[in-house]
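Q: start_36.txt (compact mmCIF, C-alpha atoms) pasted underneath:
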```txt
# COMPACT_ATOMS: atom_id res chain seq x y z
CA MET A 940 3.73 -14.00 0.82
CA ALA A 941 3.41 -16.65 3.53
CA PRO A 942 0.83 -15.77 6.23
CA ASP A 943 3.40 -15.73 9.07
CA ARG A 944 5.41 -13.04 7.25
CA LYS A 945 2.51 -10.62 6.93
CA LYS A 946 2.92 -9.57 10.56
CA ALA A 947 6.16 -7.86 9.56
CA PHE A 948 4.25 -5.01 7.93
CA ILE A 949 1.25 -2.78 8.45
CA ASN A 950 -1.96 -4.37 7.20
CA SER A 951 -3.98 -1.62 5.52
CA VAL A 952 -7.55 -2.83 6.02
CA ASN A 953 -10.23 -1.93 3.48
CA LEU A 954 -12.42 0.73 5.11
CA ASN A 955 -15.48 -0.92 3.54
CA ALA A 956 -14.51 -4.47 4.53
CA ASP A 957 -17.51 -4.91 6.82
CA THR A 958 -20.09 -3.64 4.33
CA GLY A 959 -22.14 -5.53 1.78
CA PHE A 960 -20.01 -4.11 -1.03
CA PRO A 961 -16.34 -3.92 0.06
CA TYR A 962 -15.23 -1.72 -2.84
CA LEU A 963 -13.11 1.24 -1.76
CA VAL A 964 -12.17 4.18 -3.95
CA LEU A 965 -9.56 6.57 -2.58
CA ASP A 966 -9.29 10.01 -4.14
CA VAL A 967 -5.75 11.14 -3.32
CA VAL A 968 -4.72 14.76 -3.86
CA ASN A 969 -1.09 15.46 -2.96
CA ASP A 970 -0.69 14.02 0.57
CA ARG A 971 -4.39 13.86 1.45
CA SER A 972 -6.67 10.89 0.92
CA TYR A 973 -10.45 11.02 0.71
CA PRO A 974 -11.76 9.14 2.63
CA LYS A 975 -9.01 9.66 5.17
CA ASN A 976 -6.46 6.92 5.79
CA PRO A 977 -3.46 7.11 8.15
CA GLY A 978 -1.34 9.72 6.41
CA PHE A 979 2.20 8.37 6.64
CA MET A 980 3.94 6.68 3.73
CA VAL A 981 4.91 3.48 5.52
CA MET A 982 5.25 0.19 3.66
CA HIS A 983 2.04 -1.82 3.98
CA TRP A 984 0.10 -4.69 2.44
CA HIS A 985 -3.54 -5.64 2.05
CA GLU A 986 -5.53 -8.74 1.18
CA ASP A 987 -7.37 -6.92 -1.59
CA LEU A 988 -6.40 -6.16 -5.17
CA GLN A 989 -5.58 -2.57 -6.06
CA PHE A 990 -5.65 -0.52 -9.24
CA ILE A 991 -4.30 3.01 -9.50
CA TYR A 992 -5.06 5.64 -12.14
CA VAL A 993 -2.99 8.84 -12.19
CA LEU A 994 -5.01 11.92 -13.07
CA GLU A 995 -2.38 14.61 -12.57
CA GLY A 996 1.30 14.84 -11.72
CA THR A 997 3.56 11.93 -10.82
CA ILE A 998 3.53 9.28 -8.10
CA GLU A 999 6.17 6.83 -6.91
CA VAL A 1000 5.20 3.25 -6.12
CA ARG A 1001 7.76 1.25 -4.17
CA THR A 1002 7.91 -2.44 -3.29
CA LEU A 1003 10.73 -4.26 -1.55
CA ASP A 1004 12.30 -5.01 -4.93
CA GLU A 1005 11.55 -2.11 -7.24
CA GLU A 1006 10.38 1.46 -7.62
CA LEU A 1007 8.18 2.85 -10.38
CA LYS A 1008 7.28 6.42 -11.30
CA LEU A 1009 3.85 6.83 -12.87
CA ALA A 1010 2.85 9.96 -14.79
CA ALA A 1011 -0.60 11.36 -15.53
CA GLY A 1012 -2.59 9.02 -17.76
CA GLU A 1013 -0.80 5.88 -16.56
CA GLY A 1014 -2.16 3.10 -14.38
CA LEU A 1015 -0.96 0.25 -12.21
CA PHE A 1016 -2.17 -3.06 -10.80
CA ILE A 1017 -0.87 -4.06 -7.34
CA ASN A 1018 -1.39 -7.70 -6.46
CA LYS A 1019 -2.71 -8.68 -3.06
CA ASN A 1020 -0.25 -9.26 -0.20
CA VAL A 1021 2.45 -7.21 -1.97
CA VAL A 1022 4.32 -4.96 0.45
CA HIS A 1023 4.34 -1.47 -1.05
CA SER A 1024 3.99 2.25 -0.56
CA VAL A 1025 2.59 4.98 -2.80
CA ASN A 1026 4.24 8.38 -2.50
CA GLN A 1027 3.65 11.73 -4.12
CA SER A 1028 6.26 13.30 -6.35
CA GLY A 1029 5.35 16.97 -6.25
CA ASP A 1030 1.71 17.89 -6.83
CA CYS A 1031 -0.36 14.89 -7.86
CA HIS A 1032 -3.88 13.52 -8.05
CA TYR A 1033 -4.74 9.84 -8.42
CA LYS A 1034 -7.53 7.38 -7.82
CA SER A 1035 -7.04 4.07 -6.06
CA PHE A 1036 -9.54 1.23 -6.51
CA ILE A 1037 -9.39 -1.50 -3.86
CA PHE A 1038 -11.53 -4.65 -3.76
CA PRO A 1039 -11.42 -8.37 -2.88
CA ASP A 1040 -10.54 -10.86 -5.58
CA TYR A 1041 -13.82 -12.75 -5.15
CA PHE A 1042 -15.50 -9.91 -7.09
CA LEU A 1043 -13.92 -11.47 -10.19
CA ARG A 1044 -14.87 -15.12 -9.60
CA PHE A 1045 -18.60 -14.89 -10.43
CA TYR A 1046 -19.53 -17.68 -8.02
CA PHE A 1047 -17.95 -20.38 -5.85
CA GLY A 1048 -16.65 -23.22 -8.01
CA SER A 1049 -16.84 -21.16 -11.20
CA PRO A 1050 -14.68 -22.48 -14.06
CA ALA A 1051 -13.37 -18.89 -14.31
CA GLU A 1052 -11.72 -19.14 -10.89
CA HIS A 1053 -8.41 -20.32 -12.35
CA LEU A 1054 -8.18 -17.08 -14.37
CA VAL A 1055 -8.18 -15.24 -11.04
CA ASP A 1056 -6.10 -17.61 -8.90
CA SER A 1057 -3.37 -18.11 -11.48
CA LEU A 1058 -2.47 -14.42 -11.24
CA VAL A 1059 -3.32 -13.38 -7.67
CA GLU A 1060 -1.53 -16.44 -6.25
CA ASN A 1061 1.55 -15.77 -8.38
CA MET A 1062 3.92 -13.58 -6.36
CA ASP A 1063 6.18 -13.27 -9.39
CA VAL A 1064 3.60 -10.76 -10.66
CA PRO A 1065 3.52 -8.14 -7.90
CA LEU A 1066 2.79 -5.21 -10.23
CA CYS A 1067 1.52 -4.59 -13.75
CA ARG A 1068 1.93 -1.18 -15.36
CA PHE A 1069 -0.42 0.27 -17.98
CA ILE A 1070 1.19 2.72 -20.41
CA PRO A 1071 -0.79 4.81 -22.93
CA GLY A 1072 -0.18 3.98 -26.57
CA ILE A 1073 -0.21 0.20 -26.14
CA GLY A 1074 -3.47 -1.23 -27.49
CA TRP A 1075 -4.60 -3.40 -24.59
CA CYS A 1076 -3.23 -0.92 -22.02
CA ASP A 1077 -5.36 1.81 -23.61
CA THR A 1078 -8.39 -0.42 -23.07
CA VAL A 1079 -7.48 -0.93 -19.39
CA LEU A 1080 -6.86 2.80 -18.90
CA SER A 1081 -10.20 3.60 -20.51
CA ILE A 1082 -11.95 1.33 -18.00
CA LEU A 1083 -10.09 2.96 -15.10
CA ARG A 1084 -11.26 6.37 -16.34
CA LYS A 1085 -14.83 5.06 -16.43
CA LEU A 1086 -14.49 3.82 -12.85
CA SER A 1087 -13.26 7.29 -11.87
CA PHE A 1088 -16.23 8.89 -13.64
CA LEU A 1089 -18.66 6.59 -11.82
CA GLU A 1090 -17.63 8.05 -8.46
CA LYS A 1091 -18.95 11.45 -9.53
CA ASN A 1092 -21.94 10.21 -11.45
CA GLY A 1093 -23.24 7.15 -9.61
CA ASN A 1094 -26.82 6.00 -10.18
CA GLU A 1095 -29.05 3.08 -9.23
CA PHE A 1096 -26.90 0.78 -11.39
CA TYR A 1097 -23.62 1.86 -9.74
CA VAL A 1098 -22.79 -1.48 -8.07
CA TYR A 1099 -23.54 -3.51 -11.17
CA GLU A 1100 -21.58 -1.14 -13.41
CA VAL A 1101 -18.57 -1.34 -11.09
CA LEU A 1102 -18.62 -5.15 -11.20
CA VAL A 1103 -18.93 -5.19 -14.99
CA PHE A 1104 -16.03 -2.79 -15.39
CA LEU A 1105 -13.83 -4.72 -12.95
CA THR A 1106 -14.41 -8.06 -14.67
CA SER A 1107 -13.79 -6.45 -18.09
CA LEU A 1108 -10.58 -4.98 -16.69
CA TRP A 1109 -9.47 -8.38 -15.43
CA LEU A 1110 -10.28 -10.13 -18.69
CA GLU A 1111 -8.12 -7.66 -20.62
CA ILE A 1112 -5.21 -8.22 -18.24
CA ARG A 1113 -5.46 -12.01 -18.30
CA LYS A 1114 -5.51 -12.01 -22.09
CA ASN A 1115 -2.34 -9.95 -22.32
CA VAL A 1116 -0.14 -10.58 -19.27
CA SER A 1117 2.15 -13.60 -19.44
CA LEU A 1118 2.56 -15.42 -16.14
CA PRO A 1119 6.13 -16.38 -15.23
CA SER A 1120 6.69 -19.87 -13.89
CA GLY A 1121 9.03 -20.85 -11.08
CA LYS A 1122 9.67 -19.26 -7.71
CA LYS A 1123 12.52 -16.77 -7.37
CA GLU A 1124 13.12 -15.40 -3.89
CA LYS A 1125 15.52 -12.49 -3.87
CA PRO A 1126 18.02 -12.22 -0.99
CA VAL A 1127 17.33 -8.52 -0.37
CA SER A 1128 13.57 -9.16 -0.07
CA ARG A 1129 14.15 -12.03 2.33
CA ARG A 1130 16.45 -9.92 4.50
CA MET A 1131 14.12 -6.92 4.42
CA GLN A 1132 11.26 -9.10 5.61
CA ARG A 1133 13.37 -10.03 8.63
CA PHE A 1134 14.43 -6.44 9.31
CA LEU A 1135 10.91 -5.05 9.07
CA ALA A 1136 9.52 -7.90 11.18
CA TYR A 1137 12.05 -6.99 13.87
CA ILE A 1138 11.05 -3.32 13.73
CA GLU A 1139 7.35 -4.19 13.92
CA LYS A 1140 7.98 -6.26 17.05
CA HIS A 1141 10.47 -3.97 18.82
CA TYR A 1142 9.73 -0.41 17.59
CA ALA A 1143 8.82 0.75 21.11
CA GLU A 1144 12.29 -0.25 22.35
CA ALA A 1145 15.73 1.20 21.71
CA ILE A 1146 16.91 -0.44 18.46
CA SER A 1147 20.53 -0.20 17.38
CA LEU A 1148 21.93 -0.92 13.94
CA ASP A 1149 23.68 -3.93 15.51
CA ASP A 1150 20.31 -5.24 16.72
CA LEU A 1151 18.69 -4.81 13.34
CA ALA A 1152 21.57 -6.34 11.37
CA GLY A 1153 21.65 -9.26 13.80
CA SER A 1154 17.96 -9.97 13.19
CA GLY A 1155 18.88 -10.74 9.57
CA ASN A 1156 22.22 -12.40 10.35
CA VAL A 1157 24.09 -9.86 8.24
CA SER A 1158 26.69 -7.14 8.80
CA LYS A 1159 25.73 -3.55 9.56
CA SER A 1160 26.94 -2.46 6.11
CA GLU A 1161 24.74 -5.09 4.43
CA CYS A 1162 21.76 -3.97 6.49
CA LEU A 1163 22.33 -0.38 5.37
CA ARG A 1164 22.69 -1.53 1.74
CA CYS A 1165 19.43 -3.48 1.84
CA PHE A 1166 17.47 -0.46 3.07
CA ARG A 1167 19.16 1.79 0.52
CA VAL A 1168 18.49 -0.57 -2.40
CA SER A 1169 14.93 -1.59 -1.54
CA MET A 1170 13.52 1.54 0.12
CA GLN A 1171 15.95 4.37 -0.71
CA THR A 1172 16.24 5.26 2.96
CA THR A 1173 18.20 4.34 6.08
CA PRO A 1174 17.10 1.98 8.86
CA TYR A 1175 16.94 4.89 11.29
CA LYS A 1176 14.74 7.04 9.03
CA TYR A 1177 12.41 4.12 8.38
CA LEU A 1178 12.19 3.39 12.12
CA VAL A 1179 11.24 7.00 12.85
CA GLU A 1180 8.60 6.93 10.07
CA TYR A 1181 7.18 3.70 11.46
CA ARG A 1182 7.02 5.08 14.99
CA LEU A 1183 5.34 8.25 13.74
CA SER A 1184 2.73 6.21 11.87
CA LYS A 1185 1.91 4.29 15.06
CA ALA A 1186 1.76 7.52 17.05
CA ALA A 1187 -0.57 9.12 14.49
CA ILE A 1188 -3.02 6.23 14.80
CA LEU A 1189 -3.00 6.49 18.61
CA LEU A 1190 -3.57 10.25 18.44
CA GLN A 1191 -6.57 9.71 16.17
CA GLU A 1192 -8.10 6.69 17.89
CA THR A 1193 -7.32 7.07 21.62
CA ASP A 1194 -7.34 9.69 24.37
CA LYS A 1195 -3.93 8.70 25.73
CA PRO A 1196 -1.77 11.66 26.82
CA VAL A 1197 0.75 12.81 24.23
CA GLY A 1198 3.66 11.96 26.54
CA GLU A 1199 2.42 8.41 26.96
CA ILE A 1200 2.00 7.99 23.20
CA ALA A 1201 5.55 9.25 22.66
CA SER A 1202 6.93 6.74 25.16
CA CYS A 1203 4.97 3.70 23.92
CA THR A 1204 6.00 4.33 20.31
CA GLY A 1205 9.72 4.52 21.05
CA PHE A 1206 10.20 8.27 21.51
CA HIS A 1207 11.60 8.49 25.00
CA GLN A 1208 11.92 12.28 24.88
CA ALA A 1209 8.60 14.05 24.37
CA SER A 1210 10.33 17.12 22.94
CA TYR A 1211 12.04 15.05 20.24
CA PHE A 1212 8.75 13.33 19.45
CA GLY A 1213 7.05 16.71 19.02
CA LYS A 1214 9.86 17.96 16.78
CA CYS A 1215 9.74 14.88 14.51
CA PHE A 1216 5.96 14.90 14.36
CA ARG A 1217 5.80 18.57 13.41
CA GLU A 1218 8.45 18.11 10.71
CA LYS A 1219 6.44 15.23 9.21
CA THR A 1220 2.92 16.64 9.42
CA GLY A 1221 3.24 20.40 9.91
CA PHE A 1222 1.25 20.04 13.15
CA SER A 1223 2.08 19.48 16.79
CA PRO A 1224 0.74 16.16 18.15
CA ARG A 1225 -2.04 17.99 20.02
CA ASP A 1226 -3.06 20.01 16.97
CA TYR A 1227 -2.98 16.87 14.82
CA ARG A 1228 -5.29 15.12 17.30
CA GLY A 1229 -7.70 18.06 17.29
CA LYS A 1230 -7.76 18.11 13.50
CA ASN A 1231 -8.16 14.37 12.93
CA GLN A 1232 -10.09 12.86 15.82
```
How does this structure look as structure tokens?
A:
Amino acid sequence: MAPDRKKAFINSVNLNADTGFPYLVLDVVNDRSYPKNPGFMVMHWHEDLQFIYVLEGTIEVRTLDEELKLAAGEGLFINKNVVHSVNQSGDCHYKSFIFPDYFLRFYFGSPAEHLVDSLVENMDVPLCRFIPGIGWCDTVLSILRKLSFLEKNGNEFYVYEVLVFLTSLWLEIRKNVSLPSGKKEKPVSRRMQRFLAYIEKHYAEAISLDDLAGSGNVSKSECLRCFRVSMQTTPYKYLVEYRLSKAAILLQETDKPVGEIASCTGFHQASYFGKCFREKTGFSPRDYRGKNQ
């Protein structure tokens, strides 16, 4: 994805980005993540690579072009800069492993760099699914299970073991995943990038369906179709979700009054903001702040 398009979406920054070992493992049980991340299922992207391993239940992974359901025992690779969301489907438990691609390069100028760049720079490979019963996939899934085990049983060799497992994981993928050639930009993706960029820029304002459709130079019916096909929702529902995600961050990270947060995130009636927020989280904005600050 071109750098100027990234601003259209929420950038989910690695919580360990400023440490000496920016490897982040999220343990997600139902709708709670440990360590805690903003808890709304809004489409986002990150500069890191991500692997997911499903321990229990089912999850739904959605990009702008496709939706996958992963069951217990399955895994997934999400390439960097891919706009996506991960949602629960009933009770679930999964691990998410997030890290920068330079972990896999060994050293600057390494002859192995092309085995990393040729995949992470190829946006025709946004996802790669690992299904039990396929030889090389079983090997990948076994490594993901070992990475999960390490989080409970770390020792003095933890960092080195993580790096060895990640490079072994990557080698297995590069041996078995064919890289498509040629660039294919899909019209729905292109339009959705424009729509979501418009929402990111104007979410605090009153946005009509006419406004949103106009940002993509399409009809209102085509705008509705694009949201339905790519995100299985409506523009209005996505806008409310986006506003709520912004409000949740402000409640956690600032001391601004609830009424001010409602107004600056596009909810011009505090009572409606409170109603939407409670429906989404089960808490009033004030209770949510007290629980999460």
Q: Rounded to one decimal in Å, what is the spacing between atom CA of A:Glu995 and atom CA of A:Asp966?
A: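 Here the two named atoms are 11.8 Å from each other.
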Q: Calculated over all atoms listed in the file, which of the candidates A:Val1103, A:Asn1092, A:Ser1117, A:Cys1203 has the smallest distance to A:Tyr1142?
A: A:Cys1203
Q: A:Leu1003, A:Leu1086, A:Leu988, A:Ala1152: which is nearest A:Val1168, counting only C-alpha atoms?
A: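 When distances to A:Val1168 are compared using only C-alpha atoms, the smallest one comes from A:Leu1003.
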Q: Just the residues within 10 Å of stretch 1127-1135 of chain A, please, counting all atoms listed in the file, with nothing from its chain fewer than 3 positions along; format it as a PyMOL selection string.
A: chain A and resi 944-949+982+1002-1004+1022+1124+1138-1142+1150-1157+1161-1162+1164-1166+1168-1170+1174+1177-1178+1181
Q: For the residues in the current selection, export C-alpha atoms as a PDB file, in the coordinates of the input.
A:
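Output saved as out-v4.pdb:
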```pdb
ATOM      1  CA  ARG A 944       5.410 -13.040   7.250  1.00  0.00           C
ATOM      2  CA  LYS A 945       2.510 -10.620   6.930  1.00  0.00           C
ATOM      3  CA  LYS A 946       2.920  -9.570  10.560  1.00  0.00           C
ATOM      4  CA  ALA A 947       6.160  -7.860   9.560  1.00  0.00           C
ATOM      5  CA  PHE A 948       4.250  -5.010   7.930  1.00  0.00           C
ATOM      6  CA  ILE A 949       1.250  -2.780   8.450  1.00  0.00           C
ATOM      7  CA  MET A 982       5.250   0.190   3.660  1.00  0.00           C
ATOM      8  CA  THR A1002       7.910  -2.440  -3.290  1.00  0.00           C
ATOM      9  CA  LEU A1003      10.730  -4.260  -1.550  1.00  0.00           C
ATOM     10  CA  ASP A1004      12.300  -5.010  -4.930  1.00  0.00           C
ATOM     11  CA  VAL A1022       4.320  -4.960   0.450  1.00  0.00           C
ATOM     12  CA  GLU A1124      13.120 -15.400  -3.890  1.00  0.00           C
ATOM     13  CA  ILE A1138      11.050  -3.320  13.730  1.00  0.00           C
ATOM     14  CA  GLU A1139       7.350  -4.190  13.920  1.00  0.00           C
ATOM     15  CA  LYS A1140       7.980  -6.260  17.050  1.00  0.00           C
ATOM     16  CA  HIS A1141      10.470  -3.970  18.820  1.00  0.00           C
ATOM     17  CA  TYR A1142       9.730  -0.410  17.590  1.00  0.00           C
ATOM     18  CA  ASP A1150      20.310  -5.240  16.720  1.00  0.00           C
ATOM     19  CA  LEU A1151      18.690  -4.810  13.340  1.00  0.00           C
ATOM     20  CA  ALA A1152      21.570  -6.340  11.370  1.00  0.00           C
ATOM     21  CA  GLY A1153      21.650  -9.260  13.800  1.00  0.00           C
ATOM     22  CA  SER A1154      17.960  -9.970  13.190  1.00  0.00           C
ATOM     23  CA  GLY A1155      18.880 -10.740   9.570  1.00  0.00           C
ATOM     24  CA  ASN A1156      22.220 -12.400  10.350  1.00  0.00           C
ATOM     25  CA  VAL A1157      24.090  -9.860   8.240  1.00  0.00           C
ATOM     26  CA  GLU A1161      24.740  -5.090   4.430  1.00  0.00           C
ATOM     27  CA  CYS A1162      21.760  -3.970   6.490  1.00  0.00           C
ATOM     28  CA  ARG A1164      22.690  -1.530   1.740  1.00  0.00           C
ATOM     29  CA  CYS A1165      19.430  -3.480   1.840  1.00  0.00           C
ATOM     30  CA  PHE A1166      17.470  -0.460   3.070  1.00  0.00           C
ATOM     31  CA  VAL A1168      18.490  -0.570  -2.400  1.00  0.00           C
ATOM     32  CA  SER A1169      14.930  -1.590  -1.540  1.00  0.00           C
ATOM     33  CA  MET A1170      13.520   1.540   0.120  1.00  0.00           C
ATOM     34  CA  PRO A1174      17.100   1.980   8.860  1.00  0.00           C
ATOM     35  CA  TYR A1177      12.410   4.120   8.380  1.00  0.00           C
ATOM     36  CA  LEU A1178      12.190   3.390  12.120  1.00  0.00           C
ATOM     37  CA  TYR A1181       7.180   3.700  11.460  1.00  0.00           C
TER      38      TYR A1181
END
```
Q: Could you state the separation of atom CA of A:Phe1212 and atom CA of A:Pro974 in Å, given to one decimal place?
A: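 Atom CA of A:Pro974 lies at a distance of 26.9 Å from atom CA of A:Phe1212.
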Q: Mind running stretch 1088-1157 of chain A against stretch 957-960 of chain A at 12 Å and telling me each contacting residue's nearest atom pair with the distance in Å (one decimal), counting all atoms listed in the file, chain and number ascending, as JSON lines?
A:
```
{"residue": "A:Tyr1097", "atom": "CA", "partner": "A:Phe960", "partner_atom": "CA", "distance": 11.2}
{"residue": "A:Val1098", "atom": "CA", "partner": "A:Phe960", "partner_atom": "CA", "distance": 8.0}
{"residue": "A:Tyr1099", "atom": "CA", "partner": "A:Phe960", "partner_atom": "CA", "distance": 10.8}
{"residue": "A:Val1101", "atom": "CA", "partner": "A:Phe960", "partner_atom": "CA", "distance": 10.5}
{"residue": "A:Leu1102", "atom": "CA", "partner": "A:Phe960", "partner_atom": "CA", "distance": 10.3}
```
Q: Please produce a file of the residues just selected, as a short mmCIF file (atom, residue, chain, number, x, y, z; two decimals), keeping the file's coordinate frame, where the atoms kept are C-alpha atoms.
A:
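What ended up in again13.cif:
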```
data_model
loop_
_atom_site.label_atom_id
_atom_site.label_comp_id
_atom_site.auth_asym_id
_atom_site.auth_seq_id
_atom_site.Cartn_x
_atom_site.Cartn_y
_atom_site.Cartn_z
CA TYR A 1097 -23.62 1.86 -9.74
CA VAL A 1098 -22.79 -1.48 -8.07
CA TYR A 1099 -23.54 -3.51 -11.17
CA VAL A 1101 -18.57 -1.34 -11.09
CA LEU A 1102 -18.62 -5.15 -11.20
#
```
Q: In terms of the shortest atom-to-atom distance over only C-alpha atoms, which of A:Glu1005, A:Asp1149, A:Asn1020, A:Ala1186 is closest to A:Gln1171?
A: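 Result for the nearest residue to A:Gln1171: A:Glu1005.
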Q: Atom CA of A:Cys1215 and atom CA of A:His1032 are how many Å apart?
A: 26.4 Å
Q: Taking all listed atoms of stretch 1009-1013 of chain A, build the axis-aligned box, pad each of the six sides by 3 Å, then write its centre and edge lengths in Å to one decimal as lines of an AutoDock Vina configuration file.
A:
```
center_x = 0.6
center_y = 8.6
center_z = -15.3
size_x = 12.4
size_y = 11.5
size_z = 10.9
```
Q: Please, which residues are within 6 Å of (2.5, 14.8, -11.5) by the file's coordinates, counting all atoms listed in the file, and could they come as a PyMOL selection string?
A: chain A and resi 995-997+1010+1030-1031
Q: Need to verify the contact set: A:Leu1054, 12 Å, all atoms listed in the file, exclusion of same-chain residues closer than 6 positions in sequence. Can you return it as a ChimeraX atom specification?
A: /A:1040-1041,1043-1045,1060-1061,1106,1109-1114,1116,1118
Q: Can you spit out the residues from that selection as an mmCIF file, keeping the file's coordinate frame, using C-alpha atoms?
A:
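Below you can see result-v6.cif, which holds the result:
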```cif
data_model
loop_
_atom_site.group_PDB
_atom_site.id
_atom_site.type_symbol
_atom_site.label_atom_id
_atom_site.label_comp_id
_atom_site.auth_asym_id
_atom_site.auth_seq_id
_atom_site.Cartn_x
_atom_site.Cartn_y
_atom_site.Cartn_z
ATOM 1 C CA ASP A 1040 -10.540 -10.860 -5.580
ATOM 2 C CA TYR A 1041 -13.820 -12.750 -5.150
ATOM 3 C CA LEU A 1043 -13.920 -11.470 -10.190
ATOM 4 C CA ARG A 1044 -14.870 -15.120 -9.600
ATOM 5 C CA PHE A 1045 -18.600 -14.890 -10.430
ATOM 6 C CA GLU A 1060 -1.530 -16.440 -6.250
ATOM 7 C CA ASN A 1061 1.550 -15.770 -8.380
ATOM 8 C CA THR A 1106 -14.410 -8.060 -14.670
ATOM 9 C CA TRP A 1109 -9.470 -8.380 -15.430
ATOM 10 C CA LEU A 1110 -10.280 -10.130 -18.690
ATOM 11 C CA GLU A 1111 -8.120 -7.660 -20.620
ATOM 12 C CA ILE A 1112 -5.210 -8.220 -18.240
ATOM 13 C CA ARG A 1113 -5.460 -12.010 -18.300
ATOM 14 C CA LYS A 1114 -5.510 -12.010 -22.090
ATOM 15 C CA VAL A 1116 -0.140 -10.580 -19.270
ATOM 16 C CA LEU A 1118 2.560 -15.420 -16.140
#
```
Q: With all atoms listed in the file as the atoms that count, which of A:Trp1075, A:Tyr1227, A:Phe1216, A:Tyr1175 lies nearest to A:Leu1108?
A: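 Among the listed residues, the smallest separation from A:Leu1108 belongs to A:Trp1075.
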Q: May I ask which of the residues A:Phe1047, A:Gly1014, A:Ser1035, A:Lys1214 is the closest one to A:Asp1077, counting all atoms listed in the file?
A: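 Comparing A:Phe1047, A:Gly1014, A:Ser1035, A:Lys1214 against A:Asp1077, the winner is A:Gly1014.
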Q: Find the residues near A:Ile998: any atom within 9 Å, counting only C-alpha atoms, skip ones fewer than 6 places away on the same chain, and give them as a short mmCIF file (atom, residue, chain, number, x, y, z; two decimals) with C-alpha atoms, in the frame of the given file.
A:
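Below you can see around34.cif, which holds the result:
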```
data_model
loop_
_atom_site.label_atom_id
_atom_site.label_comp_id
_atom_site.auth_asym_id
_atom_site.auth_seq_id
_atom_site.Cartn_x
_atom_site.Cartn_y
_atom_site.Cartn_z
CA LEU A 1007 8.18 2.85 -10.38
CA LYS A 1008 7.28 6.42 -11.30
CA LEU A 1009 3.85 6.83 -12.87
CA ALA A 1010 2.85 9.96 -14.79
CA ALA A 1011 -0.60 11.36 -15.53
CA VAL A 1025 2.59 4.98 -2.80
CA ASN A 1026 4.24 8.38 -2.50
CA GLN A 1027 3.65 11.73 -4.12
CA SER A 1028 6.26 13.30 -6.35
CA GLY A 1029 5.35 16.97 -6.25
CA ASP A 1030 1.71 17.89 -6.83
CA CYS A 1031 -0.36 14.89 -7.86
CA HIS A 1032 -3.88 13.52 -8.05
CA TYR A 1033 -4.74 9.84 -8.42
#
```
Q: Starting from the sparse input, extend stretch 958-968 of chain A to N, CA, C and O atoms and give the output as a compact mmCIF listing (two decimals), in the frame of the given file.
A:
```txt
# COMPACT_ATOMS: atom_id res chain seq x y z
N THR A 958 -18.84 -4.01 4.99
CA THR A 958 -20.09 -3.64 4.33
C THR A 958 -20.49 -4.72 3.34
O THR A 958 -19.74 -5.66 3.08
N GLY A 959 -21.67 -4.56 2.76
CA GLY A 959 -22.14 -5.53 1.78
C GLY A 959 -21.45 -5.41 0.44
O GLY A 959 -21.58 -6.29 -0.42
N PHE A 960 -20.71 -4.32 0.24
CA PHE A 960 -20.01 -4.11 -1.03
C PHE A 960 -18.63 -3.52 -0.71
O PHE A 960 -18.43 -2.30 -0.73
N PRO A 961 -17.66 -4.39 -0.40
CA PRO A 961 -16.34 -3.92 0.06
C PRO A 961 -15.44 -3.40 -1.08
O PRO A 961 -14.35 -3.91 -1.33
N TYR A 962 -15.95 -2.39 -1.75
CA TYR A 962 -15.23 -1.72 -2.84
C TYR A 962 -14.87 -0.33 -2.35
O TYR A 962 -15.75 0.46 -1.96
N LEU A 963 -13.58 -0.03 -2.31
CA LEU A 963 -13.11 1.24 -1.76
C LEU A 963 -12.41 2.04 -2.84
O LEU A 963 -11.48 1.54 -3.49
N VAL A 964 -12.83 3.27 -3.02
CA VAL A 964 -12.17 4.18 -3.95
C VAL A 964 -11.57 5.32 -3.14
O VAL A 964 -12.28 6.02 -2.42
N LEU A 965 -10.25 5.47 -3.24
CA LEU A 965 -9.56 6.57 -2.58
C LEU A 965 -9.24 7.65 -3.60
O LEU A 965 -8.66 7.35 -4.65
N ASP A 966 -9.62 8.85 -3.30
CA ASP A 966 -9.29 10.01 -4.14
C ASP A 966 -8.15 10.72 -3.42
O ASP A 966 -8.35 11.32 -2.36
N VAL A 967 -6.95 10.63 -3.99
CA VAL A 967 -5.75 11.14 -3.32
C VAL A 967 -5.25 12.39 -4.05
O VAL A 967 -4.90 12.33 -5.23
N VAL A 968 -5.22 13.49 -3.32
CA VAL A 968 -4.72 14.76 -3.86
C VAL A 968 -3.51 15.16 -3.02
O VAL A 968 -3.63 15.39 -1.82
```
